$ cat input34.txt   # compact mmCIF, C-alpha atoms and all ligand atoms
# COMPACT_ATOMS: atom_id res chain seq x y z
CA MET A 1 71.44 101.08 107.58
CA VAL A 2 69.25 100.35 110.59
CA LYS A 3 70.39 97.92 113.26
CA VAL A 4 68.10 96.79 116.07
CA ALA A 5 69.24 94.86 119.16
CA ILE A 6 66.88 92.96 121.45
CA PHE A 7 67.99 92.21 125.02
CA GLY A 8 66.12 89.22 126.46
CA ALA A 9 65.56 87.96 122.92
CA ALA A 10 65.10 84.30 123.92
CA GLY A 11 62.17 85.04 126.24
CA GLY A 12 58.44 85.03 125.67
CA ILE A 13 58.27 88.59 124.39
CA GLY A 14 61.79 88.52 122.99
CA GLN A 15 61.22 85.66 120.54
CA SER A 16 57.98 87.01 119.05
CA LEU A 17 59.32 90.54 118.95
CA SER A 18 62.49 89.32 117.23
CA LEU A 19 60.35 87.58 114.63
CA LEU A 20 58.36 90.76 113.93
CA VAL A 21 61.52 92.86 113.65
CA LYS A 22 63.10 90.23 111.34
CA LEU A 23 60.09 90.65 109.04
CA ASP A 24 60.52 94.43 108.86
CA GLN A 25 62.05 95.28 105.48
CA ASN A 26 63.41 98.55 106.86
CA VAL A 27 65.76 96.66 109.19
CA ASP A 28 69.24 95.79 107.91
CA GLU A 29 70.61 94.02 110.99
CA LEU A 30 69.08 92.37 114.02
CA ALA A 31 71.22 91.43 117.03
CA LEU A 32 69.82 89.11 119.68
CA TYR A 33 71.20 89.09 123.21
CA ASP A 34 70.15 86.89 126.12
CA VAL A 35 71.76 85.01 128.99
CA VAL A 36 70.38 81.75 127.50
CA ASN A 37 69.46 80.35 124.08
CA ALA A 38 70.08 83.47 121.97
CA PRO A 39 72.12 81.50 119.39
CA GLY A 40 69.31 78.95 119.03
CA VAL A 41 66.66 81.59 118.47
CA GLY A 42 69.03 83.45 116.14
CA GLN A 43 69.76 80.33 114.07
CA ASP A 44 66.05 79.69 113.68
CA LEU A 45 65.24 83.27 112.61
CA SER A 46 68.24 83.40 110.27
CA HIS A 47 66.48 80.99 107.89
CA ILE A 48 63.75 83.53 107.14
CA ASN A 49 64.23 85.12 103.72
CA THR A 50 63.95 88.77 104.70
CA LYS A 51 66.57 91.49 104.52
CA ALA A 52 67.79 91.69 108.12
CA LYS A 53 71.11 90.01 108.84
CA LEU A 54 71.04 88.06 112.10
CA SER A 55 73.61 87.88 114.87
CA SER A 56 73.16 86.45 118.34
CA TYR A 57 75.09 86.69 121.56
CA LEU A 58 75.41 85.30 125.06
CA PRO A 59 77.25 87.22 127.80
CA GLU A 60 80.52 85.34 127.23
CA ASN A 61 83.09 86.63 124.70
CA ASP A 62 81.92 90.25 125.09
CA GLY A 63 78.46 89.35 123.77
CA LEU A 64 76.77 92.44 125.17
CA ALA A 65 79.38 94.79 123.69
CA LYS A 66 79.19 93.04 120.31
CA SER A 67 75.41 93.19 120.20
CA LEU A 68 75.67 96.96 120.66
CA GLU A 69 78.20 97.58 117.89
CA ASN A 70 76.64 100.15 115.50
CA THR A 71 73.22 99.46 117.00
CA ASP A 72 70.63 102.21 116.43
CA ILE A 73 67.74 100.90 118.51
CA VAL A 74 67.87 98.69 121.63
CA VAL A 75 64.64 97.10 122.86
CA ILE A 76 64.71 95.56 126.35
CA PRO A 77 62.26 92.83 127.36
CA ALA A 78 64.85 91.16 129.65
CA GLY A 79 63.87 90.07 133.14
CA VAL A 80 61.26 88.03 134.96
CA PRO A 81 57.50 88.24 134.38
CA ARG A 82 54.76 88.18 137.03
CA LYS A 83 53.08 85.13 138.51
CA PRO A 84 49.49 85.21 139.86
CA GLY A 85 49.24 87.29 143.05
CA MET A 86 52.27 89.45 142.23
CA THR A 87 52.28 93.16 141.42
CA ARG A 88 54.67 94.59 138.85
CA ASP A 89 56.50 96.26 141.72
CA ASP A 90 57.21 92.79 143.16
CA LEU A 91 59.45 92.23 140.11
CA PHE A 92 61.69 95.11 141.14
CA LYS A 93 63.86 92.91 143.40
CA ILE A 94 65.04 90.78 140.48
CA ASN A 95 64.64 93.04 137.46
CA ALA A 96 66.28 96.15 138.91
CA SER A 97 69.81 94.75 138.83
CA ILE A 98 69.25 93.15 135.40
CA ILE A 99 68.17 96.50 133.97
CA ARG A 100 70.92 98.44 135.74
CA ASP A 101 73.58 96.11 134.32
CA LEU A 102 72.15 96.29 130.81
CA ALA A 103 71.94 100.09 131.03
CA GLU A 104 75.57 100.21 132.13
CA GLY A 105 76.42 98.06 129.13
CA ILE A 106 74.59 100.45 126.79
CA ALA A 107 76.29 103.45 128.41
CA THR A 108 79.68 101.79 128.00
CA TYR A 109 79.43 100.14 124.59
CA GLY A 110 76.42 101.72 122.85
CA LYS A 111 76.43 104.51 120.29
CA LYS A 112 75.85 107.93 121.87
CA ASP A 113 72.67 108.39 119.84
CA VAL A 114 71.15 104.94 120.36
CA PHE A 115 67.38 104.80 120.94
CA ILE A 116 66.43 102.76 124.03
CA LEU A 117 62.98 101.20 124.51
CA VAL A 118 62.38 99.61 127.93
CA ILE A 119 59.71 96.92 128.20
CA SER A 120 60.86 95.23 131.43
CA ASN A 121 58.68 95.79 134.50
CA PRO A 122 58.09 97.69 136.64
CA VAL A 123 58.32 100.25 133.80
CA ASN A 124 57.48 103.11 136.21
CA SER A 125 60.80 102.38 137.96
CA THR A 126 63.00 100.75 135.30
CA VAL A 127 62.90 103.79 132.99
CA PRO A 128 64.10 106.26 135.69
CA MET A 129 66.77 103.68 136.54
CA VAL A 130 68.09 103.56 132.97
CA ALA A 131 68.08 107.38 132.80
CA GLU A 132 70.02 107.63 136.06
CA VAL A 133 72.65 105.17 134.81
CA LEU A 134 73.04 107.08 131.53
CA LYS A 135 73.30 110.37 133.45
CA LYS A 136 76.00 108.87 135.65
CA PHE A 137 77.95 107.89 132.55
CA LYS A 138 77.25 111.33 130.99
CA VAL A 139 75.65 109.84 127.87
CA TYR A 140 71.99 110.59 128.59
CA ASN A 141 69.75 112.02 125.90
CA PRO A 142 66.12 112.32 127.11
CA LYS A 143 64.86 112.38 123.51
CA ARG A 144 66.10 108.82 123.04
CA LEU A 145 64.82 106.86 126.04
CA VAL A 146 61.23 105.60 126.39
CA GLY A 147 59.32 103.12 128.51
CA VAL A 148 56.97 101.01 126.41
CA THR A 149 53.32 101.48 127.42
CA THR A 150 51.88 100.77 123.97
CA LEU A 151 50.10 97.62 125.19
CA ASP A 152 47.80 99.86 127.26
CA LEU A 153 46.73 101.68 124.07
CA VAL A 154 46.32 98.44 122.18
CA ARG A 155 44.12 97.08 124.96
CA SER A 156 42.05 100.27 125.18
CA ASN A 157 41.31 100.15 121.46
CA GLU A 158 40.42 96.46 121.51
CA PHE A 159 38.42 96.42 124.76
CA LEU A 160 36.30 99.35 123.55
CA LYS A 161 35.57 97.49 120.31
CA GLN A 162 34.58 94.40 122.30
CA MET A 163 32.22 96.47 124.45
CA LEU A 164 30.38 97.88 121.42
CA PRO A 165 30.05 94.88 119.04
CA GLU A 166 27.16 96.42 117.11
CA ASP A 167 29.29 99.38 116.08
CA LYS A 168 31.70 97.08 114.21
CA ILE A 169 34.64 99.27 115.20
CA ASP A 170 37.98 98.68 113.47
CA SER A 171 40.12 98.75 116.61
CA SER A 172 43.34 98.89 114.59
CA ASN A 173 42.31 102.39 113.52
CA LEU A 174 41.61 103.80 116.99
CA PHE A 175 44.05 105.89 119.00
CA VAL A 176 43.05 106.07 122.65
CA PRO A 177 45.83 107.93 124.45
CA VAL A 178 46.72 106.17 127.70
CA ILE A 179 48.77 108.39 129.96
CA GLY A 180 50.44 108.22 133.38
CA GLY A 181 52.37 105.02 134.00
CA HIS A 182 52.19 101.27 133.44
CA SER A 183 50.63 99.62 136.48
CA GLY A 184 47.11 99.53 137.90
CA ASP A 185 45.85 102.97 138.90
CA THR A 186 48.74 104.74 137.17
CA ILE A 187 47.30 103.62 133.80
CA VAL A 188 44.90 106.38 132.70
CA PRO A 189 43.05 105.77 129.41
CA LEU A 190 41.57 108.95 127.93
CA PHE A 191 38.59 107.58 126.01
CA SER A 192 36.86 110.96 126.11
CA ILE A 193 39.65 112.30 123.90
CA GLY A 194 40.53 109.22 121.83
CA CYS A 195 37.02 108.28 120.71
CA PRO A 196 34.37 110.59 122.16
CA GLU A 197 31.75 109.36 119.68
CA TYR A 198 31.83 105.82 121.12
CA TYR A 199 32.56 106.82 124.71
CA LYS A 200 29.38 108.93 124.77
CA LYS A 201 27.34 105.81 124.13
CA LEU A 202 28.55 104.05 127.27
CA SER A 203 26.71 104.07 130.60
CA THR A 204 28.62 105.05 133.76
CA GLU A 205 28.89 101.35 134.70
CA GLN A 206 30.23 100.45 131.26
CA ARG A 207 32.79 103.25 131.43
CA GLU A 208 33.99 102.11 134.84
CA SER A 209 34.26 98.52 133.75
CA LEU A 210 36.13 99.47 130.55
CA ILE A 211 38.64 101.64 132.41
CA HIS A 212 39.17 98.95 135.06
CA ARG A 213 39.77 96.35 132.35
CA VAL A 214 42.46 98.52 130.74
CA GLN A 215 44.12 99.21 134.10
CA TYR A 216 44.14 95.54 135.09
CA GLY A 217 44.31 93.87 131.65
CA GLY A 218 47.75 92.52 132.49
CA ASP A 219 46.25 90.59 135.43
CA GLU A 220 43.76 88.85 133.10
CA VAL A 221 46.65 87.32 131.16
CA VAL A 222 48.73 86.49 134.25
CA LYS A 223 45.72 84.69 135.74
CA ALA A 224 44.90 82.80 132.54
CA LYS A 225 48.53 81.67 132.12
CA LYS A 226 48.43 80.15 135.65
CA GLY A 227 52.04 80.78 136.64
CA MET A 228 53.47 80.44 133.12
CA GLY A 229 54.15 84.17 132.73
CA SER A 230 52.38 87.30 131.55
CA ALA A 231 51.45 88.87 128.22
CA THR A 232 53.99 87.96 125.54
CA LEU A 233 52.26 87.86 122.15
CA SER A 234 50.14 90.99 122.59
CA MET A 235 53.21 92.66 124.11
CA ALA A 236 55.39 91.67 121.17
CA TYR A 237 52.77 93.18 118.85
CA ALA A 238 52.65 96.39 120.92
CA GLY A 239 56.43 96.51 121.32
CA TYR A 240 56.91 96.08 117.61
CA ARG A 241 54.43 98.86 116.90
CA LEU A 242 56.54 101.33 118.88
CA THR A 243 59.82 99.88 117.60
CA SER A 244 58.64 100.26 114.01
CA SER A 245 57.86 103.94 114.65
CA PHE A 246 61.48 104.36 115.78
CA ILE A 247 62.70 102.40 112.74
CA LYS A 248 60.71 104.72 110.46
CA THR A 249 62.49 107.77 111.86
CA PHE A 250 65.52 106.59 109.87
CA LYS A 251 63.43 107.17 106.74
CA ASN A 252 62.58 110.63 108.06
CA GLU A 253 59.02 109.56 108.81
CA VAL A 254 57.28 111.17 111.76
CA SER A 255 54.88 109.21 113.99
CA LYS A 256 52.58 109.88 116.89
CA GLU A 257 52.91 107.44 119.78
CA VAL A 258 52.50 107.38 123.55
CA ALA A 259 55.39 106.37 125.82
CA PHE A 260 56.67 106.78 129.38
CA ILE A 261 59.38 109.42 129.28
CA GLU A 262 61.33 111.81 131.42
CA LEU A 263 59.71 115.25 131.37
CA ASN A 264 63.08 116.79 130.74
CA ASP A 265 63.24 120.50 129.87
CA GLN A 266 65.04 119.61 126.63
CA LEU A 267 61.76 118.19 125.29
CA LYS A 268 59.33 120.63 123.75
CA GLY A 269 56.19 120.67 125.89
CA ALA A 270 57.73 118.85 128.87
CA LYS A 271 58.09 121.92 131.05
CA GLU A 272 54.43 122.73 130.50
CA ALA A 273 53.45 119.12 131.29
CA LYS A 274 55.39 119.20 134.56
CA LYS A 275 53.76 122.49 135.55
CA ILE A 276 50.24 121.16 134.94
CA ILE A 277 50.96 117.88 136.74
CA SER A 278 52.31 119.82 139.69
CA GLU A 279 49.74 122.63 139.91
CA LYS A 280 46.59 120.84 138.79
CA TYR A 281 47.26 117.29 139.97
CA GLY A 282 49.52 117.76 143.01
CA GLY A 283 52.51 115.95 141.53
CA SER A 284 55.23 118.43 142.35
CA HIS A 285 57.92 115.73 142.20
CA ILE A 286 56.73 114.02 139.02
CA ASP A 287 59.36 114.08 136.32
CA TYR A 288 58.36 110.95 134.39
CA PHE A 289 54.97 110.42 132.74
CA ALA A 290 53.46 108.61 129.78
CA LEU A 291 52.14 111.17 127.29
CA PRO A 292 51.44 111.34 123.55
CA LEU A 293 54.53 112.38 121.65
CA ILE A 294 55.81 113.07 118.20
CA LEU A 295 58.73 110.90 117.11
CA GLY A 296 61.13 112.12 114.48
CA LYS A 297 64.71 111.55 113.42
CA ASP A 298 66.14 113.00 116.62
CA GLY A 299 63.74 111.01 118.78
CA ILE A 300 61.01 112.68 120.84
CA GLU A 301 60.34 115.99 119.08
CA GLU A 302 57.37 117.17 121.07
CA VAL A 303 55.23 116.16 124.03
CA ASP A 304 51.46 116.73 124.02
CA TYR A 305 50.91 118.45 127.39
CA LYS A 306 47.53 119.95 126.42
CA ILE A 307 45.87 116.58 126.81
CA LEU A 308 46.36 116.92 130.58
CA GLU A 309 43.86 119.77 130.55
CA GLN A 310 41.49 118.29 127.99
CA ALA A 311 40.69 115.14 130.01
CA ASP A 312 37.11 114.98 131.36
CA GLU A 313 36.27 115.28 135.06
CA LYS A 314 36.49 111.56 135.83
CA GLU A 315 39.76 111.25 133.91
CA GLN A 316 41.20 114.20 135.80
CA GLU A 317 40.39 112.41 139.08
CA MET A 318 42.21 109.36 137.73
CA ILE A 319 45.28 111.44 136.84
CA GLU A 320 45.37 112.74 140.40
CA ILE A 321 45.33 109.18 141.77
CA ALA A 322 47.96 108.04 139.25
CA VAL A 323 50.32 110.84 140.20
CA LYS A 324 50.47 109.76 143.86
CA GLN A 325 51.47 106.17 143.06
CA LEU A 326 53.82 107.14 140.26
CA GLU A 327 55.85 109.42 142.48
CA LYS A 328 56.83 106.48 144.72
CA ASN A 329 57.71 104.23 141.77
CA ILE A 330 59.94 106.86 140.18
CA VAL A 331 61.83 107.60 143.40
CA LYS A 332 62.34 103.88 143.99
CA GLY A 333 64.00 103.49 140.59
CA LYS A 334 66.22 106.54 141.04
CA ASN A 335 67.27 105.54 144.57
CA PHE A 336 68.32 102.10 143.41
CA ILE A 337 70.91 103.67 141.14
CA SER A 338 72.09 106.45 143.41
CA GLY A 339 72.69 103.95 146.23
CA ILE A 340 74.83 101.60 144.17
CA GLU A 341 78.28 101.94 142.65
CA THR A 342 78.57 101.05 138.96
CA SER A 343 80.36 97.84 138.03
CA PHE A 344 81.62 98.94 134.58
CA SER A 345 84.34 101.53 134.21
CA ALA A 346 83.14 104.67 132.45
N1 LIG B 401 55.87 97.05 129.26
C1 LIG B 401 54.89 96.17 129.13
O1 LIG B 401 53.78 96.51 128.74
C2 LIG B 401 55.14 94.72 129.41
C3 LIG B 401 54.23 93.75 128.93
C4 LIG B 401 54.49 92.42 129.19
C5 LIG B 401 55.62 92.04 129.92
N2 LIG B 401 56.48 92.99 130.36
C6 LIG B 401 57.69 92.65 131.10
O2 LIG B 401 58.69 92.18 130.19
C7 LIG B 401 59.61 91.34 130.89
C8 LIG B 401 59.86 90.06 130.10
O3 LIG B 401 58.71 89.29 130.03
P1 LIG B 401 58.72 87.86 129.29
O4 LIG B 401 57.35 87.31 129.41
O5 LIG B 401 59.34 87.96 127.96
O6 LIG B 401 59.69 87.03 130.27
P2 LIG B 401 60.55 85.73 129.92
O7 LIG B 401 60.99 85.16 131.21
O8 LIG B 401 59.79 84.86 128.99
O9 LIG B 401 61.79 86.31 129.13
C9 LIG B 401 62.73 87.13 129.71
C10 LIG B 401 64.06 86.85 129.07
O10 LIG B 401 65.02 87.74 129.67
C11 LIG B 401 66.23 87.01 129.75
N3 LIG B 401 67.16 87.64 130.69
C12 LIG B 401 67.20 87.57 132.03
N4 LIG B 401 68.25 88.26 132.51
C13 LIG B 401 68.87 88.79 131.45
C14 LIG B 401 70.00 89.62 131.29
N5 LIG B 401 70.72 90.04 132.33
N6 LIG B 401 70.37 89.97 130.04
C15 LIG B 401 69.66 89.56 128.97
N7 LIG B 401 68.57 88.79 129.06
C16 LIG B 401 68.19 88.40 130.28
C17 LIG B 401 65.81 85.61 130.17
O11 LIG B 401 66.83 84.66 129.91
C18 LIG B 401 64.59 85.41 129.30
O12 LIG B 401 64.91 84.81 128.06
C19 LIG B 401 59.00 91.13 132.27
O13 LIG B 401 59.61 91.98 133.20
C20 LIG B 401 57.55 91.52 132.09
O14 LIG B 401 56.95 91.93 133.28
C21 LIG B 401 56.24 94.32 130.13
O1 LIG B 402 50.92 92.39 133.60
C1 LIG B 402 52.13 92.21 133.50
O2 LIG B 402 52.82 91.90 134.45
C2 LIG B 402 52.78 92.32 132.15
C3 LIG B 402 52.50 93.61 131.45
O3 LIG B 402 52.91 94.71 132.17
C4 LIG B 402 51.08 93.73 130.99
O4 LIG B 402 50.50 94.82 131.11
O5 LIG B 402 50.53 92.75 130.45
$ encode --input "input34.txt" --output "structure tokens"
Amino acid sequence: MVKVAIFGAAGGIGQSLSLLVKLDQNVDELALYDVVNAPGVGQDLSHINTKAKLSSYLPENDGLAKSLENTDIVVIPAGVPRKPGMTRDDLFKINASIIRDLAEGIATYGKKDVFILVISNPVNSTVPMVAEVLKKFKVYNPKRLVGVTTLDLVRSNEFLKQMLPEDKIDSSNLFVPVIGGHSGDTIVPLFSIGCPEYYKKLSTEQRESLIHRVQYGGDEVVKAKKGMGSATLSMAYAGYRLTSSFIKTFKNEVSKEVAFIELNDQLKGAKEAKKIISEKYGGSHIDYFALPLILGKDGIEEVDYKILEQADEKEQEMIEIAVKQLEKNIVKGKNFISGIETSFSA
């Protein structure tokens, strides 16, 4: 039995992601939760003839608690998206309390071993926030919480293909690790490691333009949508890709993914990653970072820290820049929780 819950299921990402999860034959139950329209979206999806049983909830009548009953995986795309001219950090004001409240709900009503995937921005701050809430409630397991940065990998694969049309690259087969965080300069694509054979072909100008496009790909969509939101369809695809890797762990399948995680000593390779980030890149306070990881039935089984040393010279400079920004984002998320009393009783 695998049950997935989606918080913010009636939104732009939420609806498409719910559709993709409903189509997954490894899912037995899908619970939708939103402050608006979840029953409508749920009714619609419930007509699809796939295995997953649908349920949908609004906050009233203990909706949040019910959506979490026996839930194995919670995916969170709840909150507001950017408008042109905004940074992801500008979303903090509104999304921080939404994410805190949902995390308190998970801590209170969720299974102890639930997997939590956070999509809501700013990811660099919302993930530390969720961890702090779970720590406060003494239910935190660092192997089971990730921030979703998969869209950065998806974009890297696709933008590289678009830059080299003659090579007829199948971008669905590439794996460009994108490390660091999920905003601007904190997004560090490692093309030299993911696809050296193609990266070698690019001029310095092409490399710079490709990296910039990956770092600011989100802005392209925000601009094109002219105030009507940010990436939803590509994000649903990326979010489903990571969600499906978590779903597969219930069939004892192991996957390699990249996600934004706490570099907690309980994770194999995390201590080494922290040491390198501190000594080589000057990030002595960095305890969250997106890195390649192995996912298995207990969640994150291993973190690939070696990649931090394998990056080429330019990429190493980018990691150094990312670390500085990331530090501020992480502290901001943690401080938000430590400064506020919880509203649920533990
Ligand atoms: N991690 C990434 O790569 C990535 C990519 C794209 C978007 N995002 C982020 O995902 C979030 C959602 O984007 P979207 O385009 O789907 O926005 P949206 O406005 O279309 O949908 C958000 C949904 O969240 C719901 N919601 C608000 N408060 C809630 C609460 N307390 N509980 C449950 N649901 C609640 C809203 O009712 C809405 O249906 C944004 O913060 C956006 O920046 C992240
Ligand atoms: O750009 C945004 O605000 C949404 C998302 O983080 C993205 O990368 O598309």
$ residues_near_ligand --input "input34.txt" --ligand "ligand LIG 402 (chain B)" --cutoff "9 Å" --atoms "only C-alpha atoms and all ligand atoms" --output "count of residues only"
33
$ residues_around --input "input34.txt" --residues "Val2 (chain A)" --least-positions-apart "3" --cutoff "7 Å" --atoms "all atoms listed in the file" --output "VMD selection string"
chain A and resid 27 to 29 72
$ residues_around --input "input34.txt" --residues "Leu293 (chain A)" --least-positions-apart "5" --cutoff "8 Å" --atoms "all atoms listed in the file" --output "ChimeraX atom specification"
/A:256-259,300-304
$ write_last_selection --input "input34.txt" --atoms "C-alpha atoms" --output "short mmCIF file (atom, residue, chain, number, x, y, z; two decimals), keeping the file's coordinate frame"
data_model
loop_
_atom_site.label_atom_id
_atom_site.label_comp_id
_atom_site.auth_asym_id
_atom_site.auth_seq_id
_atom_site.Cartn_x
_atom_site.Cartn_y
_atom_site.Cartn_z
CA LYS A 256 52.58 109.88 116.89
CA GLU A 257 52.91 107.44 119.78
CA VAL A 258 52.50 107.38 123.55
CA ALA A 259 55.39 106.37 125.82
CA ILE A 300 61.01 112.68 120.84
CA GLU A 301 60.34 115.99 119.08
CA GLU A 302 57.37 117.17 121.07
CA VAL A 303 55.23 116.16 124.03
CA ASP A 304 51.46 116.73 124.02
#
$ residues_around --input "input34.txt" --residues "Gln25 (chain A)" --least-positions-apart "3" --cutoff "10 Å" --atoms "all atoms listed in the file" --output "PyMOL selection string"
chain A and resi 21-22+28+50-52
$ write_last_selection --input "input34.txt" --atoms "C-alpha atoms" --output "compact mmCIF listing (two decimals), in the coordinates of the input"
# COMPACT_ATOMS: atom_id res chain seq x y z
CA VAL A 21 61.52 92.86 113.65
CA LYS A 22 63.10 90.23 111.34
CA ASP A 28 69.24 95.79 107.91
CA THR A 50 63.95 88.77 104.70
CA LYS A 51 66.57 91.49 104.52
CA ALA A 52 67.79 91.69 108.12
$ closest_residue --input "input34.txt" --among "A:Val130, A:Ile98, A:Val154, A:Ala5" --to "Leu242 (chain A)" --atoms "all atoms listed in the file"
A:Val154
$ residues_around --input "input34.txt" --residues "region 193-200 of chain A" --least-positions-apart "2" --cutoff "12 Å" --atoms "only C-alpha atoms" --output "ChimeraX atom specification"
/A:153,156-157,159-169,171,173-179,188-191,202-208,210-211,292,306-312,315
$ atom_distance --input "input34.txt" --atom1 "atom C5 of ligand LIG 401 (chain B)" --atom2 "CA of Val80 (chain A)"
8.6 Å
$ closest_residue --input "input34.txt" --among "A:Lys324, A:Ile13, A:Ile337, A:Ala236" --to "Ala103 (chain A)" --atoms "all atoms listed in the file"
A:Ile337
$ residues_around --input "input34.txt" --residues "Gly63 (chain A)" --least-positions-apart "4" --cutoff "10 Å" --atoms "only C-alpha atoms" --output "PyMOL selection string"
chain A and resi 32-35+56-59+67-68
$ atom_distance --input "input34.txt" --atom1 "CA of Gly227 (chain A)" --atom2 "CA of Gly79 (chain A)"
15.4 Å
$ closest_residue --input "input34.txt" --among "A:Leu30, A:Val133, A:Val114, A:Ile106" --to "ligand LIG 401 (chain B)" --atoms "only C-alpha atoms and all ligand atoms"
A:Ile106
$ atom_distance --input "input34.txt" --atom1 "CA of Ile116 (chain A)" --atom2 "CA of Gly299 (chain A)"
10.1 Å
$ closest_residue --input "input34.txt" --among "A:Thr243, A:Asn335, A:Gln325, A:Asn70" --to "Ser18 (chain A)" --atoms "only C-alpha atoms"
A:Thr243
$ build_atoms --input "input34.txt" --residues "region 178-196 of chain A" --atoms "N, CA and C atoms" --output "tab-separated table (two decimals), keeping the file's coordinate frame"
chain	number	residue	atom	x	y	z
A	178	VAL	N	46.71	106.66	126.32
A	178	VAL	CA	46.72	106.17	127.70
A	178	VAL	C	47.94	106.80	128.36
A	179	ILE	N	47.68	107.60	129.38
A	179	ILE	CA	48.77	108.39	129.96
A	179	ILE	C	49.06	107.95	131.39
A	180	GLY	N	50.10	108.53	132.00
A	180	GLY	CA	50.44	108.22	133.38
A	180	GLY	C	51.61	107.26	133.46
A	181	GLY	N	51.30	106.01	133.88
A	181	GLY	CA	52.37	105.02	134.00
A	181	GLY	C	51.91	103.68	133.48
A	182	HIS	N	52.58	102.60	133.91
A	182	HIS	CA	52.19	101.27	133.44
A	182	HIS	C	52.03	100.30	134.61
A	183	SER	N	51.04	100.59	135.47
A	183	SER	CA	50.63	99.62	136.48
A	183	SER	C	49.36	100.13	137.14
A	184	GLY	N	48.36	99.26	137.20
A	184	GLY	CA	47.11	99.53	137.90
A	184	GLY	C	46.59	100.96	137.75
A	185	ASP	N	46.44	101.63	138.90
A	185	ASP	CA	45.85	102.97	138.90
A	185	ASP	C	46.68	104.03	138.18
A	186	THR	N	47.93	103.73	137.89
A	186	THR	CA	48.74	104.74	137.17
A	186	THR	C	48.42	104.73	135.67
A	187	ILE	N	47.68	103.71	135.22
A	187	ILE	CA	47.30	103.62	133.80
A	187	ILE	C	46.01	104.42	133.61
A	188	VAL	N	46.07	105.50	132.85
A	188	VAL	CA	44.90	106.38	132.70
A	188	VAL	C	44.49	106.50	131.22
A	189	PRO	N	43.50	105.68	130.80
A	189	PRO	CA	43.05	105.77	129.41
A	189	PRO	C	42.13	106.98	129.22
A	190	LEU	N	42.38	107.75	128.19
A	190	LEU	CA	41.57	108.95	127.93
A	190	LEU	C	40.62	108.68	126.77
A	191	PHE	N	39.57	107.91	127.05
A	191	PHE	CA	38.59	107.58	126.01
A	191	PHE	C	37.84	108.82	125.55
A	192	SER	N	37.65	109.77	126.47
A	192	SER	CA	36.86	110.96	126.11
A	192	SER	C	37.57	111.76	125.02
A	193	ILE	N	38.89	111.58	124.92
A	193	ILE	CA	39.65	112.30	123.90
A	193	ILE	C	39.88	111.41	122.67
A	194	GLY	N	40.18	110.13	122.93
A	194	GLY	CA	40.53	109.22	121.83
A	194	GLY	C	39.35	108.87	120.94
A	195	CYS	N	38.18	108.66	121.53
A	195	CYS	CA	37.02	108.28	120.71
A	195	CYS	C	35.74	108.72	121.39
A	196	PRO	N	35.54	110.05	121.46
A	196	PRO	CA	34.37	110.59	122.16
A	196	PRO	C	33.05	110.05	121.61
